Amino acid sequence: MFVAALTFFTYLFVGCAYPKRFACMKIVKRYLSFRELKDFIEKEKFNRFVMEDISDPFDFYYSENWFFVKEVYVPRKIVLDIIAVNKSLFSPFTVIGIITENGEAVFLAQVKKEEAVR
């Protein structure tokens, strides 16, 4: 009973200490506060791009200075490349993601190998 209560309170503490709204700052948390990010984003006009012809469809939003993918804001200036990595030698799936200059990654989708080649 004690372990269950301890687990519950640990989960509750982490949920309160790190709200979900800060997940959007995964890439920029070292450089901006949440308030600064919010100010930058309010000035931007985002366009929507939908990847529908793959097995794991996702929405991709972009503006002149920012990308918004999988609930993470990414400055366009720090995006190095979009990568495709095989999960394993025998896996039929490939993971597609964005790599940034500061070494962070945002994984976009898990698709079949044939779809990643297109």
# chains A, B, ... in the order shown; residues from 1 in each chain; ligands from 1

$ select_by_dssp --residues "stretch 16-59 of chain A" --states "strand (DSSP E)" --output "PyMOL selection string"
chain A and resi 47-51+58-59

$ residues_around --residues "A:Val74" --least-positions-apart "4" --cutoff "10 Å" --atoms "only C-alpha atoms" --output "PyMOL selection string"
chain A and resi 24-28+62+65-69+78-79+98+100+105-106

$ closest_residue --among "A:Arg48, A:Lys38, A:Lys43, A:Lys70" --to "A:Gly97" --atoms "only C-alpha atoms"
A:Lys70

$ residues_around --residues "A:Phe93" --least-positions-apart "6" --cutoff "7 Å" --atoms "only C-alpha atoms" --output "PyMOL selection string"
chain A and resi 86-87+110-113

$ closest_residue --among "A:Tyr73, A:Ser91, A:Phe46, A:Asp56" --to "A:Phe34" --atoms "only C-alpha atoms"
A:Tyr73

$ atom_distance --atom1 "atom CA of A:Ile54" --atom2 "atom CA of A:Val95"
12.0 Å

$ select_by_dssp --residues "chain A" --states "helix (DSSP H, G or I)" --output "VMD selection string"
chain A and resid 2 to 17 20 to 25 34 to 42 76 to 78 113 to 117
